[in-house]
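Colleague: Here it is, the structure, as structure tokens.
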Amino acid sequence: MNEEKNPRKQYAVYIVICLVLLMVFNAIVMPKLTQAAIRDADYSFFLDSLDEGNVKKVQIEDSEITFTVEEEGKEQAYSTVRIDDPDLVTRLHESGDVEFTGKLRERSPLRDFLLGWIIPIVCMFMLWNLLFKGLGKRMGGLGNAMSFGKSNAKIYVKAQTGKTFADVAGQDEAKEALAEIVDFLHNPDKYAEIGADLPKGALLVGPPGTGKTLLAQAVAGEAEVPFFSISGSEFVEMFVGMGAAKVRDLFSQATQKAPCIVFIDEIDTIGKKRDGQVGGNDEREQTLNQLLTEMDGFDGKKGVVILAATNRPESLDPALLRPGRFDRRIPVELPDLAGREAVLKVHAKKVKLAEKIDFNAIARATAGASGAELANIVNEAALRAVRSGRSAVNQSDLEESVEVVIAGYQRKNAVISQKEKEMIAYHEVGHALVAAMQKDSAPVHKITIIPRTSGALGYTMQVDEDEKFLMSKEEALCKIATLTGGRSAEELIFNTCTTGASNDIEKATKLARAMVTRYGMSSKFDMMALETVNNQYLGGDSSLICSPETAAKIDEEVGSIVRNAHTKAVQILTENIGKLHEIARFLLEKETITGEEFMAILRREPQLTA
């Protein structure tokens, strides 16, 4: 109850101020506005103007005469004191052109009340809503100032979410952990018999697009209990104390509707570590402190479960992650090969499919893709089928949609000279040939020199036959050599180099640096950690944790690895220069060749010439 006293007093003050301003407006401003349009005049001026024929209208009252005079083509109103003049009506009648009337009709009190009070109050109320709700939303929360600490949580039930665990694929471990919570809400007695308490909170952690919010919606659909859904950013207010008040209101509603589930998306918005520095975000820390207090204040046996999602777990406050608050940390990682295939099949249920669709091939070609990206691939395939005039999605639609998500749409109207086309072809065949001649490299799946909207003028796609979770030193070195294969082909055939290898250089350098600083694959530094990864779920940016002298030695070691790989690539292409020419000519003719066509040419015996 204390939360609502101050805002209500503030609201009453606003009403009193508005009424005072309205009274001043009616008592002072309105009369002046009315009188400003009528000028005072002498009675003699009225008679002279009447004789000259300039008077147009006359209003005769008990003690006042109001008349209009035409001046410079415009009518001006005047007011004069009425004098006892018996001939006045005769003069007005003889003038002919003057319209005159007697005493004005007394004003209606009801009309004066409506015009003076009701209509202005309605106008001010509408202006109030415009200022404090419309403009307030654009100014960062001012429009929510009158919510008085009420939370914006949306309440769902099973029929509203429309999601169940059957709609979630590729996250079996996460579903198992959440299914136990759902079972606890349905059958609390069997857990109470053994003395087990319901986990107070579960934190869903993983990269963007892996299905954290979808899992929370599936929990709502399975639990059949009230489900509160709110984003962490909705607790952030411009007014101090409003965020904490919203937390209190949210947990108050949850306690009243127990058993229930509360889902806080992007909890890192309010759950960041408290650094204690002067000038920090006091409002956010107050909101976090209130959240910690509320999570300690309710009994887990009542059936209130807090679900939260974030992709920045390293930024959360340790007090938020301790047992008793968020008892479980549920990883929602990128799906593996089987998981990707299952995700594709779930989303493919929504579209019409042709016969003999190989989802395993698509899953192998999308290593590292999230659930959202896989859903986008299926949707892109359906759109391509419609553009092609087909009524069902076939295998080629899915394969092309993979390339659309990875490299963008084809630039069919791009004009590239024949010389540049040859350089691109030799560049891509250089990648493929170096990869094929190394035993620790993934097989070539496709080579194309068709430009893409991402900026790529061509690319070589490699697809592993099986899912791999580890990378050996030999595989890493082979991958760097493959990345340098394009530039090596340019140097070998055209005796020059182009900007087309910029992305290859970036990837090769990044992998070589990781081998030295993080993977312990350098003979110079051995198993020494020289770099730390920040935000592993948001790009995985890294920073060095060594002295400047050591950093210089790291650069030397990275350069040595890349140079050795470059030398190896040049050697492979030199030994197979005949196949390099043959495959490049075939690629120039076809523009796109499959891995099978590439390997067929590579295995073909050279023809003997007379």
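The chains in the structure tokens are called A, B, ... from first to last as shown; in each chain the residues are counted from 1, and the ligands are counted from 1 in the order shown.
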Mind checking which residues fall within 9 Å of Val168 in chain A, counting only C-alpha atoms, ignoring those fewer than 3 positions away in the same chain, and posting them as a list in words?

Modeller: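 My reading of the contact set: Lys163, Thr164, Phe165, Gln171, Asp172, Lys175, Gly211, Leu214, Leu215, Ala218, Val343 and Val346 of chain A.
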
Colleague: Okay, now the selection with N, CA, C and O atoms, as a compact mmCIF listing (two decimals), in the first residue's frame?

Modeller:
# COMPACT_ATOMS: atom_id res chain seq x y z
N LYS A 163 2.75 -23.33 -27.88
CA LYS A 163 4.00 -24.05 -28.01
C LYS A 163 4.09 -25.14 -26.94
O LYS A 163 3.66 -24.96 -25.80
N THR A 164 4.66 -26.29 -27.34
CA THR A 164 4.93 -27.38 -26.41
C THR A 164 6.34 -27.88 -26.69
O THR A 164 7.03 -27.40 -27.60
N PHE A 165 6.76 -28.86 -25.90
CA PHE A 165 8.09 -29.43 -26.11
C PHE A 165 8.21 -30.11 -27.48
O PHE A 165 9.32 -30.29 -27.99
N GLN A 171 17.46 -29.72 -28.56
CA GLN A 171 17.82 -29.29 -27.20
C GLN A 171 17.28 -30.30 -26.19
O GLN A 171 16.52 -29.96 -25.28
N ASP A 172 17.67 -31.55 -26.35
CA ASP A 172 17.11 -32.61 -25.52
C ASP A 172 17.46 -32.43 -24.05
O ASP A 172 16.63 -32.67 -23.16
N LYS A 175 15.38 -29.60 -22.55
CA LYS A 175 13.99 -30.03 -22.38
C LYS A 175 13.84 -30.97 -21.19
O LYS A 175 12.85 -30.90 -20.46
N GLY A 211 16.93 -20.77 -29.23
CA GLY A 211 15.60 -21.19 -28.78
C GLY A 211 15.34 -21.03 -27.30
O GLY A 211 14.51 -21.76 -26.75
N LEU A 214 11.80 -19.72 -26.98
CA LEU A 214 10.90 -20.79 -27.43
C LEU A 214 10.76 -21.86 -26.35
O LEU A 214 9.66 -22.38 -26.12
N LEU A 215 11.86 -22.19 -25.67
CA LEU A 215 11.78 -23.16 -24.58
C LEU A 215 10.89 -22.65 -23.45
O LEU A 215 10.09 -23.42 -22.89
N ALA A 218 7.41 -23.05 -24.49
CA ALA A 218 7.02 -24.46 -24.44
C ALA A 218 6.73 -24.89 -23.01
O ALA A 218 5.82 -25.70 -22.77
N VAL A 343 15.74 -30.17 -36.07
CA VAL A 343 15.19 -28.81 -36.18
C VAL A 343 14.64 -28.57 -37.58
O VAL A 343 13.56 -27.99 -37.75
N VAL A 346 11.30 -30.25 -37.94
CA VAL A 346 10.23 -29.56 -37.20
C VAL A 346 9.70 -28.38 -38.02
O VAL A 346 8.48 -28.19 -38.17

Colleague: Applying 12 Å and only C-alpha atoms, which residues near Gly559 in chain A remain after dropping the ones on its own chain fewer than 5 positions away? List them as a list in words.

Modeller: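 Close residues of Gly559 in chain A: Ile480, Ile505, Ala508, Thr509, Lys510, Leu511, Ala512, Arg513, Met515, Val516, Ala552, Lys553, Ile554, Asn564, Ala565 and His566 of chain A.
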
Colleague: Enumerate the residues of range 350-484 of chain A with a DSSP assignment of strand (DSSP E), computed from the backbone, and present them as number ranges by chain.

Modeller: A: 444-448, 459-462

Colleague: Neighbouring residues of Ala425 in chain A were defined as those with any atom within 12 Å, considering only C-alpha atoms; residues of the same chain fewer than 3 positions away were excluded. Please report them as a ChimeraX atom specification.

Modeller: /A:418-422,428-433,447-451,457-460,486-487,489-490,493,500,580-593

Colleague: Print the selection's residues with N, CA and C atoms to a file, as a compact mmCIF listing (two decimals), in the first residue's frame.

Modeller:
# COMPACT_ATOMS: atom_id res chain seq x y z
N GLN A 418 36.23 -10.86 -68.45
CA GLN A 418 36.69 -12.24 -68.63
C GLN A 418 37.98 -12.49 -67.86
N LYS A 419 38.86 -11.50 -67.81
CA LYS A 419 40.12 -11.68 -67.08
C LYS A 419 39.87 -11.88 -65.59
N GLU A 420 38.98 -11.05 -65.02
CA GLU A 420 38.67 -11.19 -63.60
C GLU A 420 37.97 -12.52 -63.34
N LYS A 421 37.14 -12.96 -64.28
CA LYS A 421 36.46 -14.24 -64.14
C LYS A 421 37.49 -15.38 -64.06
N GLU A 422 38.50 -15.30 -64.89
CA GLU A 422 39.55 -16.32 -64.87
C GLU A 422 40.29 -16.31 -63.53
N GLU A 428 39.34 -19.96 -56.70
CA GLU A 428 38.47 -20.94 -56.03
C GLU A 428 38.98 -22.37 -56.26
N VAL A 429 39.46 -22.67 -57.45
CA VAL A 429 40.01 -24.01 -57.69
C VAL A 429 41.27 -24.21 -56.87
N GLY A 430 42.03 -23.14 -56.63
CA GLY A 430 43.19 -23.25 -55.76
C GLY A 430 42.82 -23.71 -54.36
N HIS A 431 41.74 -23.13 -53.82
CA HIS A 431 41.24 -23.58 -52.51
C HIS A 431 40.88 -25.07 -52.56
N ALA A 432 40.09 -25.43 -53.56
CA ALA A 432 39.58 -26.81 -53.65
C ALA A 432 40.71 -27.81 -53.85
N LEU A 433 41.67 -27.48 -54.69
CA LEU A 433 42.76 -28.42 -54.99
C LEU A 433 43.67 -28.63 -53.79
N ILE A 447 31.86 -25.78 -55.80
CA ILE A 447 32.68 -24.63 -56.19
C ILE A 447 31.85 -23.78 -57.13
N THR A 448 31.83 -22.46 -56.89
CA THR A 448 31.07 -21.57 -57.75
C THR A 448 31.80 -20.25 -57.93
N ILE A 449 31.61 -19.64 -59.08
CA ILE A 449 32.16 -18.30 -59.33
C ILE A 449 31.04 -17.31 -59.62
N ILE A 450 29.81 -17.63 -59.17
CA ILE A 450 28.67 -16.72 -59.30
C ILE A 450 28.72 -15.73 -58.14
N PRO A 451 28.76 -14.43 -58.39
CA PRO A 451 28.83 -13.45 -57.30
C PRO A 451 27.60 -13.50 -56.41
N LEU A 457 32.72 -12.96 -54.60
CA LEU A 457 32.69 -13.17 -56.05
C LEU A 457 32.68 -14.64 -56.41
N GLY A 458 32.85 -15.49 -55.43
CA GLY A 458 32.83 -16.94 -55.60
C GLY A 458 33.21 -17.57 -54.28
N TYR A 459 32.99 -18.85 -54.14
CA TYR A 459 33.38 -19.52 -52.90
C TYR A 459 33.48 -21.02 -53.14
N THR A 460 34.21 -21.66 -52.24
CA THR A 460 34.36 -23.12 -52.24
C THR A 460 33.77 -23.64 -50.95
N GLY A 486 43.87 -19.98 -52.45
CA GLY A 486 43.39 -19.05 -53.46
C GLY A 486 44.45 -18.05 -53.86
N ARG A 487 45.08 -17.41 -52.88
CA ARG A 487 46.15 -16.46 -53.17
C ARG A 487 47.33 -17.15 -53.87
N ALA A 489 47.24 -19.68 -55.92
CA ALA A 489 46.90 -19.90 -57.34
C ALA A 489 47.06 -18.62 -58.13
N GLU A 490 46.66 -17.49 -57.56
CA GLU A 490 46.84 -16.21 -58.24
C GLU A 490 48.32 -15.93 -58.52
N ILE A 493 49.71 -18.60 -61.30
CA ILE A 493 49.20 -18.51 -62.67
C ILE A 493 49.38 -17.10 -63.24
N GLY A 500 40.91 -10.22 -53.54
CA GLY A 500 39.92 -11.28 -53.31
C GLY A 500 40.24 -12.20 -52.16
N LEU A 580 44.97 -28.04 -62.10
CA LEU A 580 44.52 -26.69 -61.81
C LEU A 580 43.96 -26.02 -63.07
N HIS A 581 44.70 -26.14 -64.21
CA HIS A 581 44.22 -25.57 -65.46
C HIS A 581 42.94 -26.25 -65.94
N GLU A 582 42.90 -27.57 -65.86
CA GLU A 582 41.76 -28.33 -66.37
C GLU A 582 40.48 -28.02 -65.60
N ILE A 583 40.58 -28.01 -64.26
CA ILE A 583 39.38 -27.75 -63.45
C ILE A 583 38.95 -26.30 -63.59
N ALA A 584 39.90 -25.39 -63.67
CA ALA A 584 39.55 -23.97 -63.82
C ALA A 584 38.82 -23.73 -65.14
N ARG A 585 39.27 -24.35 -66.24
CA ARG A 585 38.57 -24.19 -67.51
C ARG A 585 37.15 -24.74 -67.43
N PHE A 586 37.00 -25.89 -66.77
CA PHE A 586 35.66 -26.48 -66.61
C PHE A 586 34.76 -25.57 -65.77
N LEU A 587 35.32 -24.97 -64.73
CA LEU A 587 34.55 -24.07 -63.87
C LEU A 587 34.15 -22.81 -64.62
N LEU A 588 35.04 -22.29 -65.46
CA LEU A 588 34.70 -21.11 -66.26
C LEU A 588 33.54 -21.40 -67.20
N GLU A 589 33.48 -22.62 -67.70
CA GLU A 589 32.41 -23.00 -68.61
C GLU A 589 31.09 -23.21 -67.88
N LYS A 590 31.14 -23.89 -66.72
CA LYS A 590 29.92 -24.26 -66.00
C LYS A 590 29.49 -23.20 -64.97
N GLU A 591 30.44 -22.44 -64.42
CA GLU A 591 30.26 -21.44 -63.37
C GLU A 591 30.02 -22.07 -61.99
N THR A 592 29.42 -23.24 -61.94
CA THR A 592 29.21 -23.95 -60.68
C THR A 592 29.40 -25.44 -60.93
N ILE A 593 30.24 -26.07 -60.09
CA ILE A 593 30.45 -27.52 -60.21
C ILE A 593 30.30 -28.13 -58.82

Colleague: Set the distance at 10 Å and use only C-alpha atoms: which residues neighbour Arg364 in chain A once local chain neighbours fewer than 3 positions away are removed? I'd like the list as an MDAnalysis selection string.

Modeller: chainID A and resid 336:338 340:341 359:361 367:368 462:467

Colleague: Find the residues near Leu320 in chain A: any atom within 10 Å, counting only C-alpha atoms, skip ones fewer than 3 places away on the same chain, and give them as a list in words.

Modeller: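 Counting only the stated atoms, we get Gly201, Gly271, Lys272, Lys273, Leu288, Asn289, Leu291, Leu292, Met295, Leu316, Asp317, Pro323, Gly324, Arg325, Phe326 and Asp327 of chain A.
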
Colleague: May I ask for the distance between CA of Arg248 in chain A and CA of Ile306 in chain A, given in Å to one decimal place?

Modeller: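 The value is 14.0 Å.
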
Colleague: If DSSP is run on the backbone, what residues of range 311-538 of chain A are helix (DSSP H, G or I)? A reply as a PyMOL selection string would be ideal.

Modeller: chain A and resi 313-315+318-321+337-348+359-365+371-387+395-407+418-436+473-483+485-494+499-517

Colleague: Nearest to Asp526 in chain A: which of A:Tyr409, A:Glu557, A:Glu506, A:Lys479 is it, counting only C-alpha atoms?

Modeller: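 Smallest distance to Asp526 in chain A is found for A:Glu557.
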
Colleague: For a quick check of understanding, using only C-alpha atoms, which of A:Lys579, A:Lys74, A:Lys568, A:Lys446 has the smallest distance to Leu477 in chain A?

Modeller: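 Closest to Leu477 in chain A of all the choices is A:Lys568.
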
Colleague: Excluding same-chain residues fewer than 6 positions from Asp541 in chain A, what lies within 12 Å of it counting only C-alpha atoms, as a PyMOL selection string?

Modeller: chain A and resi 510+514+531-535

Colleague: Using only C-alpha atoms, pick whichever of A:Leu321, A:Leu492, A:Ala501, A:Leu92 has the shortest atom-to-atom distance to Glu575 in chain A.

Modeller: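 With only C-alpha atoms as the atom set, the closest residue is A:Leu492.
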
Colleague: Would you compute the distance between CA of Ala407 in chain A and CA of Val558 in chain A? Give it in Å to one decimal.

Modeller: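 It comes out at 28.0 Å.
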
Colleague: Smallest atom-to-atom distance to Glu176 in chain A: which of A:Glu94, A:Ile357, A:Ser391, A:Val332, using only C-alpha atoms?

Modeller: A:Val332

Colleague: Applying 10 Å and only C-alpha atoms, which residues near Asn376 in chain A remain after dropping the ones on its own chain fewer than 3 positions away? List them as a list in words.

Modeller: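 The residues satisfying every condition are Leu344, His347, Ser370, Gly371, Ala372, Glu373, Asn379, Glu380, Ala381, Ala382, Ser401, Val402, Val404 and Val405 of chain A.
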
Colleague: My list of candidates is A:Thr66, A:Asn54, A:Gln536, A:Asn413. Which is closest to Val98 in chain A when distances are computed with only C-alpha atoms?

Modeller: A:Asn54

Colleague: So how many Å separate CA of Ala196 in chain A and CA of Thr255 in chain A, to one decimal?

Modeller: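 These atoms are spaced 20.1 Å apart.
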